[in-house]
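Student: Input file: structure_36.csv. Contents: CSV, C-alpha atoms.
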chain,number,residue,atom,x,y,z
A,97,MET,CA,26.0,-11.3,-23.2
A,98,ALA,CA,29.1,-9.9,-21.6
A,99,GLN,CA,28.7,-6.8,-19.6
A,100,LEU,CA,30.5,-3.8,-21.0
A,101,ILE,CA,31.9,-1.0,-18.8
A,102,TYR,CA,32.7,2.5,-20.0
A,103,LEU,CA,36.2,3.3,-18.9
A,104,ASP,CA,37.9,6.5,-20.0
A,105,GLY,CA,36.4,6.6,-23.5
A,106,GLU,CA,36.3,2.9,-24.2
A,107,LEU,CA,33.7,0.1,-23.7
A,108,VAL,CA,35.6,-2.8,-22.2
A,109,GLU,CA,34.4,-6.2,-20.8
A,110,ARG,CA,33.8,-6.3,-17.1
A,111,ASP,CA,36.9,-8.4,-16.2
A,112,GLN,CA,39.1,-6.0,-18.2
A,113,ALA,CA,37.7,-2.8,-16.6
A,114,LYS,CA,40.6,-2.0,-14.3
A,115,VAL,CA,42.1,1.0,-12.6
A,116,SER,CA,45.5,1.5,-11.1
A,117,VAL,CA,46.1,0.6,-7.5
A,118,TYR,CA,47.6,4.1,-7.3
A,119,ASP,CA,44.3,5.7,-8.3
A,120,HIS,CA,43.4,8.2,-5.5
A,121,GLY,CA,39.8,7.1,-5.8
A,122,LEU,CA,40.9,3.7,-4.5
A,123,LEU,CA,43.6,4.9,-2.1
A,124,TYR,CA,41.6,7.8,-0.5
A,125,GLY,CA,38.0,7.8,-1.7
A,126,ASP,CA,39.0,10.8,-3.7
A,127,GLY,CA,36.3,11.2,-6.4
A,128,VAL,CA,32.6,11.6,-6.9
A,129,PHE,CA,29.8,9.5,-8.2
A,130,GLU,CA,26.1,9.4,-9.1
A,131,GLY,CA,23.5,6.6,-9.1
A,132,ILE,CA,21.0,6.9,-11.9
A,133,ARG,CA,18.0,4.9,-13.0
A,134,ALA,CA,16.7,3.9,-16.5
A,135,TYR,CA,13.1,3.1,-17.0
A,136,ASN,CA,11.3,1.9,-20.1
A,137,GLY,CA,14.3,2.7,-22.3
A,138,ARG,CA,14.9,6.2,-20.9
A,139,VAL,CA,17.4,7.5,-18.4
A,140,PHE,CA,15.5,9.3,-15.6
A,141,ARG,CA,16.6,12.9,-14.7
A,142,LEU,CA,20.0,12.4,-16.3
A,143,GLU,CA,20.7,16.1,-16.7
A,144,GLU,CA,20.0,16.7,-13.0
A,145,HIS,CA,22.3,13.8,-11.9
A,146,ILE,CA,25.1,15.2,-14.2
A,147,GLU,CA,24.6,18.7,-12.8
A,148,ARG,CA,25.0,17.3,-9.3
A,149,LEU,CA,28.1,15.3,-10.3
A,150,GLU,CA,29.6,18.5,-11.7
A,151,ARG,CA,28.8,20.4,-8.5
A,152,SER,CA,30.5,17.7,-6.4
A,153,ALA,CA,33.5,17.7,-8.7
A,154,ARG,CA,33.9,21.5,-8.5
A,155,ALA,CA,33.6,21.4,-4.7
A,156,ILE,CA,36.7,19.2,-4.5
A,157,MET,CA,38.5,20.9,-7.4
A,158,LEU,CA,38.3,17.8,-9.6
A,159,GLU,CA,38.1,18.5,-13.3
A,160,ILE,CA,35.9,16.2,-15.2
A,161,PRO,CA,37.5,15.5,-18.6
A,162,LEU,CA,34.1,15.3,-20.4
A,163,SER,CA,31.5,18.0,-21.0
A,164,SER,CA,27.9,17.6,-19.8
A,165,GLU,CA,26.8,16.7,-23.3
A,166,GLU,CA,29.7,14.1,-23.6
A,167,LEU,CA,28.7,12.5,-20.3
A,168,ILE,CA,25.1,12.2,-21.5
A,169,GLU,CA,26.3,10.6,-24.7
A,170,ALA,CA,28.6,8.2,-22.8
A,171,THR,CA,25.8,7.2,-20.5
A,172,VAL,CA,23.4,6.5,-23.3
A,173,GLU,CA,26.1,4.6,-25.2
A,174,THR,CA,26.8,2.4,-22.2
A,175,CYS,CA,23.2,1.6,-21.7
A,176,ARG,CA,22.7,0.8,-25.3
A,177,ALA,CA,25.8,-1.4,-25.4
A,178,ASN,CA,24.4,-3.4,-22.5
A,179,GLU,CA,20.8,-3.5,-23.9
A,180,VAL,CA,19.5,-1.8,-20.7
A,181,ARG,CA,15.9,-0.7,-20.7
A,182,ASP,CA,15.2,-0.8,-17.0
A,183,GLY,CA,18.3,-0.7,-14.8
A,184,TYR,CA,20.7,1.2,-12.7
A,185,ILE,CA,23.7,3.3,-13.8
A,186,ARG,CA,26.7,4.1,-11.7
A,187,MET,CA,28.9,7.0,-12.9
A,188,LEU,CA,32.2,7.7,-11.2
A,189,VAL,CA,34.9,10.2,-11.6
A,190,THR,CA,38.1,9.5,-9.7
A,191,ARG,CA,41.1,11.8,-9.2
A,192,GLY,CA,43.1,9.3,-11.2
A,193,GLU,CA,46.5,7.7,-10.8
A,194,GLY,CA,48.9,9.5,-8.5
A,195,ASP,CA,51.3,8.3,-5.8
A,196,LEU,CA,51.0,7.3,-2.1
A,197,GLY,CA,50.9,10.9,-0.9
A,198,LEU,CA,47.7,12.9,-0.5
A,199,ASP,CA,48.7,15.7,-2.9
A,200,PRO,CA,46.0,15.7,-5.6
A,201,ARG,CA,48.3,17.6,-8.0
A,202,LYS,CA,50.2,14.3,-8.5
A,203,CYS,CA,47.1,13.0,-10.3
A,204,ALA,CA,47.3,14.3,-13.8
A,205,ASN,CA,44.4,12.4,-15.5
A,206,PRO,CA,41.0,11.9,-13.8
A,207,SER,CA,39.3,8.7,-14.7
A,208,ILE,CA,35.6,8.2,-15.7
A,209,VAL,CA,33.8,4.9,-15.2
A,210,ILE,CA,30.1,4.2,-16.2
A,211,ILE,CA,28.4,1.0,-15.2
A,212,ALA,CA,25.0,0.1,-16.5
A,213,ALA,CA,23.4,-3.0,-14.9
A,214,ASN,CA,20.3,-4.2,-13.1
A,215,ILE,CA,19.4,-3.5,-9.5
A,216,GLN,CA,16.6,-4.2,-7.1
A,217,LEU,CA,17.4,-2.7,-3.7
A,218,TYR,CA,14.2,-3.9,-2.0
A,219,PRO,CA,11.9,-6.8,-2.8
A,220,GLU,CA,8.7,-5.7,-4.5
A,221,GLU,CA,6.6,-7.0,-1.6
A,222,LEU,CA,8.1,-4.4,0.8
A,223,TYR,CA,6.4,-1.7,-1.3
A,224,GLU,CA,3.2,-3.4,-0.3
A,225,THR,CA,4.0,-4.3,3.3
A,226,GLY,CA,6.5,-1.6,4.3
A,227,LEU,CA,9.9,-1.6,5.8
A,228,PRO,CA,11.1,-1.8,9.4
A,229,LEU,CA,13.9,0.6,10.5
A,230,ILE,CA,16.2,1.1,13.4
A,231,THR,CA,18.0,4.3,14.6
A,232,VAL,CA,21.7,3.6,14.3
A,233,SER,CA,24.4,4.8,16.8
A,234,THR,CA,26.7,6.0,14.0
A,235,ARG,CA,26.1,9.8,13.6
A,236,ARG,CA,25.9,11.4,10.2
A,237,ASN,CA,29.0,13.3,9.2
A,238,SER,CA,28.9,16.9,10.2
A,239,PRO,CA,28.4,19.3,7.3
A,240,ALA,CA,31.2,21.4,8.8
A,241,SER,CA,33.5,18.4,8.2
A,242,LEU,CA,32.3,17.1,4.9
A,243,ASP,CA,29.6,19.0,2.9
A,244,PRO,CA,26.7,16.5,2.2
A,245,GLY,CA,26.3,18.2,-1.2
A,246,ILE,CA,29.5,16.4,-2.2
A,247,LYS,CA,28.6,12.9,-3.3
A,248,SER,CA,32.0,11.5,-2.8
A,249,LEU,CA,33.5,8.0,-3.2
A,250,ASN,CA,34.2,8.0,0.6
A,251,TYR,CA,31.1,6.3,2.0
A,252,LEU,CA,32.5,4.8,5.1
A,253,ASN,CA,30.2,6.8,7.4
A,254,ASN,CA,27.2,5.2,5.6
A,255,ILE,CA,28.8,1.8,5.5
A,256,LEU,CA,29.4,1.8,9.3
A,257,ALA,CA,25.7,2.6,9.8
A,258,LYS,CA,24.8,-0.1,7.3
A,259,ILE,CA,26.7,-2.7,9.3
A,260,GLU,CA,24.6,-1.8,12.3
A,261,CYS,CA,21.5,-2.5,10.2
A,262,ILE,CA,22.9,-5.8,9.1
A,263,LEU,CA,23.6,-6.9,12.7
A,264,ALA,CA,20.0,-5.9,13.6
A,265,ASP,CA,18.6,-7.8,10.6
A,266,VAL,CA,16.9,-4.7,9.0
A,267,GLN,CA,17.6,-3.3,5.6
A,268,GLU,CA,17.9,0.4,6.5
A,269,GLY,CA,18.6,2.6,9.5
A,270,ILE,CA,18.1,6.3,10.4
A,271,MET,CA,21.2,8.3,11.1
A,272,LEU,CA,21.0,11.3,13.4
A,273,THR,CA,23.0,14.5,13.4
A,274,ASN,CA,25.6,15.2,16.1
A,275,GLN,CA,22.8,17.1,17.9
A,276,GLY,CA,20.6,14.0,17.9
A,277,LEU,CA,18.1,15.1,15.2
A,278,VAL,CA,17.0,13.1,12.2
A,279,SER,CA,19.3,13.4,9.2
A,280,GLU,CA,18.8,10.6,6.6
A,281,CYS,CA,19.2,6.9,6.2
A,282,THR,CA,22.3,5.0,5.1
A,283,GLY,CA,21.4,5.4,1.5
A,284,ASP,CA,18.0,7.1,1.4
A,285,ASN,CA,16.3,10.4,2.3
A,286,ILE,CA,13.5,10.2,4.8
A,287,PHE,CA,10.0,11.8,4.9
A,288,ILE,CA,7.3,11.7,7.5
A,289,VAL,CA,3.6,12.5,7.0
A,290,MET,CA,2.1,14.6,9.7
A,291,GLY,CA,-1.6,15.4,9.2
A,292,ASP,CA,-2.0,16.7,5.6
A,293,GLY,CA,1.6,17.6,5.1
A,294,LEU,CA,5.1,16.1,4.5
A,295,VAL,CA,8.1,16.9,6.7
A,296,THR,CA,11.7,16.1,5.7
A,297,PRO,CA,15.1,17.2,7.1
A,298,PRO,CA,16.8,20.1,5.4
A,299,VAL,CA,20.2,20.0,3.7
A,300,GLU,CA,21.8,21.5,6.8
A,301,ALA,CA,21.0,18.2,8.7
A,302,GLY,CA,23.8,16.6,6.8
A,303,ILE,CA,21.7,15.0,4.1
A,304,LEU,CA,22.4,14.5,0.4
A,305,ASP,CA,20.0,16.7,-1.5
A,306,GLY,CA,18.5,13.7,-3.4
A,307,ILE,CA,17.2,13.8,-6.9
A,308,THR,CA,14.3,11.4,-6.0
A,309,ARG,CA,13.7,13.5,-2.9
A,310,ALA,CA,13.3,16.6,-5.2
A,311,VAL,CA,10.9,14.7,-7.5
A,312,VAL,CA,8.7,13.6,-4.6
A,313,MET,CA,8.6,17.2,-3.4
A,314,GLU,CA,7.5,18.3,-6.9
A,315,LEU,CA,4.8,15.6,-7.0
A,316,ALA,CA,3.6,16.5,-3.5
A,317,GLU,CA,3.2,20.1,-4.6
A,318,ASP,CA,1.2,19.1,-7.7
A,319,GLU,CA,-1.0,17.0,-5.4
A,320,GLY,CA,-1.6,20.0,-3.1
A,321,ILE,CA,0.4,18.4,-0.3
A,322,ARG,CA,2.4,20.9,1.8
A,323,VAL,CA,6.1,20.1,2.2
A,324,THR,CA,8.1,21.4,5.1
A,325,GLU,CA,11.9,21.1,5.5
A,326,LYS,CA,12.8,21.3,9.1
A,327,LEU,CA,15.0,19.7,11.8
A,328,PHE,CA,13.1,17.2,14.1
A,329,PRO,CA,13.9,14.6,16.7
A,330,ILE,CA,13.4,10.8,16.3
A,331,THR,CA,10.3,11.0,18.4
A,332,GLU,CA,8.5,12.8,15.6
A,333,VAL,CA,9.1,9.8,13.4
A,334,TYR,CA,7.7,7.5,16.1
A,335,THR,CA,4.5,9.6,16.3
A,336,ALA,CA,4.1,10.3,12.5
A,337,ASP,CA,1.0,9.2,10.6
A,338,GLU,CA,3.2,7.8,7.9
A,339,CYS,CA,6.9,7.5,6.9
A,340,PHE,CA,8.7,6.7,3.7
A,341,LEU,CA,12.2,6.7,2.2
A,342,THR,CA,13.3,8.0,-1.2
A,343,GLY,CA,16.4,7.3,-3.2
A,344,THR,CA,17.5,6.5,-6.8
A,345,ALA,CA,17.7,2.7,-6.1
A,346,ALA,CA,14.9,2.6,-3.5
A,347,GLU,CA,12.5,4.9,-5.4
A,348,LEU,CA,9.8,5.5,-2.7
A,349,VAL,CA,9.5,2.8,-0.1
A,350,PRO,CA,7.1,2.9,2.8
A,351,VAL,CA,8.2,2.5,6.4
A,352,VAL,CA,5.9,0.8,9.0
A,353,LYS,CA,8.1,0.4,12.1
A,354,VAL,CA,11.0,2.3,13.6
A,355,ASP,CA,12.9,1.0,16.7
A,356,GLY,CA,10.1,-1.5,17.3
A,357,ARG,CA,7.4,1.3,17.3
A,358,GLN,CA,4.6,0.9,14.8
A,359,ILE,CA,4.1,3.9,12.5
A,360,GLY,CA,0.5,4.9,12.0
A,361,ASP,CA,-1.6,1.8,11.6
A,362,GLY,CA,1.4,-0.3,10.7
A,363,LYS,CA,0.6,-0.3,6.9
A,364,PRO,CA,1.8,1.9,4.0
A,365,GLY,CA,-0.4,5.0,4.3
A,366,ARG,CA,-2.6,6.7,1.8
A,367,THR,CA,-0.2,9.6,1.1
A,368,THR,CA,2.7,7.3,0.6
A,369,ARG,CA,0.8,5.1,-1.8
A,370,ARG,CA,-0.5,8.2,-3.7
A,371,LEU,CA,3.0,9.6,-4.2
A,372,LEU,CA,4.5,6.2,-5.1
A,373,ASP,CA,1.9,5.7,-7.8
A,374,ARG,CA,2.6,9.2,-9.1
A,375,PHE,CA,6.3,8.6,-9.1
A,376,ARG,CA,6.0,5.3,-11.0
A,377,GLU,CA,3.7,6.9,-13.5
A,378,LEU,CA,6.2,9.7,-14.1
A,379,THR,CA,9.1,7.3,-14.7
A,380,LYS,CA,7.2,5.5,-17.4
A,381,SER,CA,7.5,8.4,-19.8
A,382,GLU,CA,10.1,11.0,-18.7
A,383,GLY,CA,13.8,10.8,-19.4
A,384,THR,CA,16.6,10.9,-21.9
A,385,PRO,CA,15.9,8.3,-24.6
A,386,ILE,CA,18.5,5.4,-24.9
A,387,TYR,CA,17.1,4.1,-28.2
A,388,ASP,CA,16.1,6.1,-31.2
Show me this structure written as C-alpha cells.
Tutor:
Amino acid sequence: MAQLIYLDGELVERDQAKVSVYDHGLLYGDGVFEGIRAYNGRVFRLEEHIERLERSARAIMLEIPLSSEELIEATVETCRANEVRDGYIRMLVTRGEGDLGLDPRKCANPSIVIIAANIQLYPEELYETGLPLITVSTRRNSPASLDPGIKSLNYLNNILAKIECILADVQEGIMLTNQGLVSECTGDNIFIVMGDGLVTPPVEAGILDGITRAVVMELAEDEGIRVTEKLFPITEVYTADECFLTGTAAELVPVVKVDGRQIGDGKPGRTTRRLLDRFRELTKSEGTPIYD
C-alpha cells in the first residue's frame, strides 16, 4: 500500500508530496510542528497537540489556514487513508513559499503537511533494561533567544546534541542550560525520582512543555506521587534513586546510567515501572477515534 501524505488539502503519494525550494520552512526553519501518537485506532491527546501547535504558530505570527476542528479532521483522514491504528503522526505548518529574503510577508500561503506512519524510537528491550545517557557539551538554547514553548522547524540545537550522542554510541543525551543546570534531552523531557517524589526541570530551564510530560505528571498525582518542578545540577541525576525520559515517540523510557555512573541499582525502578504501566494502560482507551 502506497503511503499517502496530507499536503494542503489533498492526499498525495509520498513521492509526489513536494514543497517549493523557496518555502521558508526549508530555507530558514520558519514553521512549527507536532509529533503525535496513535494507539489502538485512536489519536492520543490530539486536541492538546493542536492547541500547542496553534500557540507556537501565534508566537511567530504564522496563521494556520485550518481551524482546530479542520486539523483534527485532516489528521484522522490521513491516519484512515494509511490504515494506521498504532503509529506516529507528524504535523507541520510552514511559512510557505517566499523569496530568498527573510521577510515573512513575502510568504502569502502557509503550507500544511501531515504524515502518518510507524515509528519505534527505542527497542522494546530498553524499556526492560534501561537506557544509558551522556551529558552533551551543546547547551540548550536560552529561552531569552528562542522560547522553548515554540516547537519550531529549526531543530539544529537538538541535532548538534544528537550528533554528540551518536559519536558516544548512546541514543540520548542530557542538555544543560547556559548556567550548567539540567534542561532536557535532545528529544525528550527528563524526570528523576528522589525518595517518594518526582523532580523535573521547569519550563524556564529551556525545555519544551511536553504533552507526555504533562500526562506523566497527571498520573503521578493520581498515584499520590509528589511532583516538583525545579532547577537542579547534573549531580542530582547521578545521585537519584531513579531516572526516566518522556516524549511522544519515547513514551516513558527508564534510564540506568548517566556519564558512566549507575543510577540507583542499575535497573528500571519501581516508580518508573509503575508510571510506565499506567501510561500504557491509559493509551489503550483514550484518544480521538480514527475509525467509526
Student: Measuring between only C-alpha atoms, which one of A:Arg366, A:Lys353, A:Ala345, A:Val289 shows the shortest distance to Thr324 (chain A)?
Tutor: A:Val289
Student: From the options A:Val232, A:Leu327, A:Val266, A:Val172, which residue's atoms come nearest to Val139 (chain A), counting all atoms listed in the file?
Tutor: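 Once distances to Val139 (chain A) are computed over all atoms listed in the file, the minimum belongs to A:Val172.
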Student: Please determine, counting all atoms listed in the file, which residue among A:Glu382, A:Glu193, A:Glu347, A:Asp388 has the shortest atom-to-atom distance to Asp119 (chain A).
Tutor: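 Among the listed residues, the smallest separation from Asp119 (chain A) belongs to A:Glu193.
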Student: Looking at all atoms listed in the file, which of A:Ile246, A:Val312, A:Thr234, A:Leu142 is the one that sits closest to Ile259 (chain A)?
Tutor: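 Under the stated criterion, the closest residue is A:Thr234.
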Student: Can you work out the spacing between CA of Glu325 (chain A) and CA of Asp305 (chain A) in Å, to one decimal?
Tutor: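 It comes out at 11.6 Å.
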Student: How many Å separate CA of Gln112 (chain A) from CA of Ala98 (chain A)?
Tutor: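 Going from CA of Gln112 (chain A) over to CA of Ala98 (chain A), I get 11.3 Å.
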Student: Which is closest to Ala113 (chain A) among A:Ile208, A:Ile132, A:Ile156, A:Leu372, if we use only C-alpha atoms?
Tutor: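 Among A:Ile208, A:Ile132, A:Ile156, A:Leu372, it is A:Ile208 that comes nearest to Ala113 (chain A).
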Student: Smallest atom-to-atom distance to Phe328 (chain A): which of A:Leu188, A:Pro298, A:Pro206, A:Lys363, using all atoms listed in the file?
Tutor: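 Looking only at the distances to Phe328 (chain A), the closest residue turns out to be A:Pro298.
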Student: Rounded to one decimal in Å, what is the spacing between CA of Met157 (chain A) and CA of Leu122 (chain A)?
Tutor: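 We find that CA of Met157 (chain A) and CA of Leu122 (chain A) lie 17.6 Å from each other.
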Student: Around (26.1, 11.8, 12.3) in the file's own coordinates, what residues are found within 9 Å if you use only C-alpha atoms, given back as a list of chain:residue names?
Tutor: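 Those within range, by chain then number, are A:Ser233, A:Thr234, A:Arg235, A:Arg236, A:Asn237, A:Ser238, A:Asn253, A:Met271, A:Leu272, A:Thr273, A:Asn274, A:Gln275, A:Gly276, A:Ser279, A:Ala301, A:Gly302.
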Student: Set the distance at 10 Å and use only C-alpha atoms: which residues neighbour Ile211 (chain A) once local chain neighbours fewer than 3 positions away are removed? I'd like the list as a list of chain:residue names.
Tutor: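 The contact residues come out as A:Gln99, A:Leu100, A:Ile101, A:Tyr102, A:Leu103, A:Arg110, A:Gly131, A:Thr171, A:Thr174, A:Cys175, A:Asn178, A:Tyr184, A:Ile185, A:Arg186, A:Met187, A:Leu188, A:Asn214.
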Student: What's around region 179-181 of chain A at 10 Å? Count all atoms listed in the file, leave out sequence neighbours fewer than 6 positions away in its own chain, and write the answer as a list in words.
Tutor: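 In the requested format, the answer is Met97, Gln99, Arg133, Ala134, Tyr135, Asn136, Gly137, Arg138, Val139, Val172, Glu173, Ala212, Ala213, Asn214, Pro385, Ile386 and Tyr387 of chain A.
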Student: Identify, on the basis of all atoms listed in the file, every residue whose closest approach to Ala204 (chain A) does not exceed 10 Å; exclude the query and any residue fewer than 6 positions from it along the same chain; express the result as a PyMOL selection string.
Tutor: chain A and resi 191-194
Student: For region 336-341 of chain A, list every protein, DNA or RNA residue within 10 Å, evaluated using all atoms listed in the file, and leave out those in the same chain fewer than 4 positions away; present the list as an MDAnalysis selection string.
Tutor: chainID A and resid 226:227 268 280:281 283:292 294:296 308:309 331:332 346:354 358:369 372
Student: For those residues, write C-alpha atoms to a file as a compact mmCIF listing (two decimals), in the coordinates of the input.
Tutor:
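Just written: result.txt:
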# COMPACT_ATOMS: atom_id res chain seq x y z
CA GLY A 226 6.50 -1.60 4.30
CA LEU A 227 9.90 -1.60 5.80
CA GLU A 268 17.90 0.40 6.50
CA GLU A 280 18.80 10.60 6.60
CA CYS A 281 19.20 6.90 6.20
CA GLY A 283 21.40 5.40 1.50
CA ASP A 284 18.00 7.10 1.40
CA ASN A 285 16.30 10.40 2.30
CA ILE A 286 13.50 10.20 4.80
CA PHE A 287 10.00 11.80 4.90
CA ILE A 288 7.30 11.70 7.50
CA VAL A 289 3.60 12.50 7.00
CA MET A 290 2.10 14.60 9.70
CA GLY A 291 -1.60 15.40 9.20
CA ASP A 292 -2.00 16.70 5.60
CA LEU A 294 5.10 16.10 4.50
CA VAL A 295 8.10 16.90 6.70
CA THR A 296 11.70 16.10 5.70
CA THR A 308 14.30 11.40 -6.00
CA ARG A 309 13.70 13.50 -2.90
CA THR A 331 10.30 11.00 18.40
CA GLU A 332 8.50 12.80 15.60
CA ALA A 346 14.90 2.60 -3.50
CA GLU A 347 12.50 4.90 -5.40
CA LEU A 348 9.80 5.50 -2.70
CA VAL A 349 9.50 2.80 -0.10
CA PRO A 350 7.10 2.90 2.80
CA VAL A 351 8.20 2.50 6.40
CA VAL A 352 5.90 0.80 9.00
CA LYS A 353 8.10 0.40 12.10
CA VAL A 354 11.00 2.30 13.60
CA GLN A 358 4.60 0.90 14.80
CA ILE A 359 4.10 3.90 12.50
CA GLY A 360 0.50 4.90 12.00
CA ASP A 361 -1.60 1.80 11.60
CA GLY A 362 1.40 -0.30 10.70
CA LYS A 363 0.60 -0.30 6.90
CA PRO A 364 1.80 1.90 4.00
CA GLY A 365 -0.40 5.00 4.30
CA ARG A 366 -2.60 6.70 1.80
CA THR A 367 -0.20 9.60 1.10
CA THR A 368 2.70 7.30 0.60
CA ARG A 369 0.80 5.10 -1.80
CA LEU A 372 4.50 6.20 -5.10
Student: Could you tell me, as a short mmCIF file (atom, residue, chain, number, x, y, z; two decimals) with C-alpha atoms, in the coordinates of the input, which residues have any atom at most 10 Å from (30.1, 18.7, -7.5), counting only C-alpha atoms?
Tutor:
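File selection.cif, as written:
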data_model
loop_
_atom_site.label_atom_id
_atom_site.label_comp_id
_atom_site.auth_asym_id
_atom_site.auth_seq_id
_atom_site.Cartn_x
_atom_site.Cartn_y
_atom_site.Cartn_z
CA GLY A 127 36.30 11.20 -6.40
CA VAL A 128 32.60 11.60 -6.90
CA PHE A 129 29.80 9.50 -8.20
CA ILE A 146 25.10 15.20 -14.20
CA GLU A 147 24.60 18.70 -12.80
CA ARG A 148 25.00 17.30 -9.30
CA LEU A 149 28.10 15.30 -10.30
CA GLU A 150 29.60 18.50 -11.70
CA ARG A 151 28.80 20.40 -8.50
CA SER A 152 30.50 17.70 -6.40
CA ALA A 153 33.50 17.70 -8.70
CA ARG A 154 33.90 21.50 -8.50
CA ALA A 155 33.60 21.40 -4.70
CA ILE A 156 36.70 19.20 -4.50
CA MET A 157 38.50 20.90 -7.40
CA LEU A 158 38.30 17.80 -9.60
CA GLU A 159 38.10 18.50 -13.30
CA ILE A 160 35.90 16.20 -15.20
CA GLY A 245 26.30 18.20 -1.20
CA ILE A 246 29.50 16.40 -2.20
CA LYS A 247 28.60 12.90 -3.30
CA SER A 248 32.00 11.50 -2.80
#
Student: Can I get region 151-169 of chain A with N, CA and C atoms filled in, as an mmCIF file, in the coordinates of the input?
Tutor:
data_model
loop_
_atom_site.group_PDB
_atom_site.id
_atom_site.type_symbol
_atom_site.label_atom_id
_atom_site.label_comp_id
_atom_site.auth_asym_id
_atom_site.auth_seq_id
_atom_site.Cartn_x
_atom_site.Cartn_y
_atom_site.Cartn_z
ATOM 1 N N ARG A 151 28.729 19.608 -9.748
ATOM 2 C CA ARG A 151 28.800 20.400 -8.500
ATOM 3 C C ARG A 151 29.765 19.762 -7.516
ATOM 4 N N SER A 152 29.603 18.455 -7.343
ATOM 5 C CA SER A 152 30.500 17.700 -6.400
ATOM 6 C C SER A 152 31.917 17.828 -6.842
ATOM 7 N N ALA A 153 32.159 17.680 -8.143
ATOM 8 C CA ALA A 153 33.500 17.700 -8.700
ATOM 9 C C ALA A 153 34.142 19.117 -8.453
ATOM 10 N N ARG A 154 33.357 20.155 -8.718
ATOM 11 C CA ARG A 154 33.900 21.500 -8.500
ATOM 12 C C ARG A 154 34.233 21.764 -7.065
ATOM 13 N N ALA A 155 33.414 21.214 -6.171
ATOM 14 C CA ALA A 155 33.600 21.400 -4.700
ATOM 15 C C ALA A 155 34.963 20.852 -4.266
ATOM 16 N N ILE A 156 35.433 19.780 -4.920
ATOM 17 C CA ILE A 156 36.700 19.200 -4.500
ATOM 18 C C ILE A 156 37.827 19.477 -5.523
ATOM 19 N N MET A 157 37.564 20.456 -6.401
ATOM 20 C CA MET A 157 38.500 20.900 -7.400
ATOM 21 C C MET A 157 39.018 19.711 -8.269
ATOM 22 N N LEU A 158 38.039 18.940 -8.722
ATOM 23 C CA LEU A 158 38.300 17.800 -9.600
ATOM 24 C C LEU A 158 37.720 18.157 -10.978
ATOM 25 N N GLU A 159 38.564 18.178 -11.975
ATOM 26 C CA GLU A 159 38.100 18.500 -13.300
ATOM 27 C C GLU A 159 37.680 17.309 -14.083
ATOM 28 N N ILE A 160 36.403 17.289 -14.457
ATOM 29 C CA ILE A 160 35.900 16.200 -15.200
ATOM 30 C C ILE A 160 36.309 16.324 -16.676
ATOM 31 N N PRO A 161 36.942 15.318 -17.257
ATOM 32 C CA PRO A 161 37.500 15.500 -18.600
ATOM 33 C C PRO A 161 36.468 15.424 -19.735
ATOM 34 N N LEU A 162 35.170 15.298 -19.411
ATOM 35 C CA LEU A 162 34.100 15.300 -20.400
ATOM 36 C C LEU A 162 33.140 16.446 -20.099
ATOM 37 N N SER A 163 32.541 17.016 -21.139
ATOM 38 C CA SER A 163 31.500 18.000 -21.000
ATOM 39 C C SER A 163 30.201 17.321 -20.533
ATOM 40 N N SER A 164 29.202 18.130 -20.145
ATOM 41 C CA SER A 164 27.900 17.600 -19.800
ATOM 42 C C SER A 164 27.306 16.772 -20.920
ATOM 43 N N GLU A 165 27.393 17.334 -22.116
ATOM 44 C CA GLU A 165 26.800 16.700 -23.300
ATOM 45 C C GLU A 165 27.566 15.346 -23.562
ATOM 46 N N GLU A 166 28.873 15.331 -23.379
ATOM 47 C CA GLU A 166 29.700 14.100 -23.600
ATOM 48 C C GLU A 166 29.335 13.054 -22.546
ATOM 49 N N LEU A 167 29.078 13.485 -21.302
ATOM 50 C CA LEU A 167 28.700 12.500 -20.300
ATOM 51 C C LEU A 167 27.331 11.917 -20.567
ATOM 52 N N ILE A 168 26.412 12.730 -21.068
ATOM 53 C CA ILE A 168 25.100 12.200 -21.500
ATOM 54 C C ILE A 168 25.267 11.170 -22.576
ATOM 55 N N GLU A 169 26.064 11.516 -23.586
ATOM 56 C CA GLU A 169 26.300 10.600 -24.700
ATOM 57 C C GLU A 169 26.946 9.312 -24.247
#
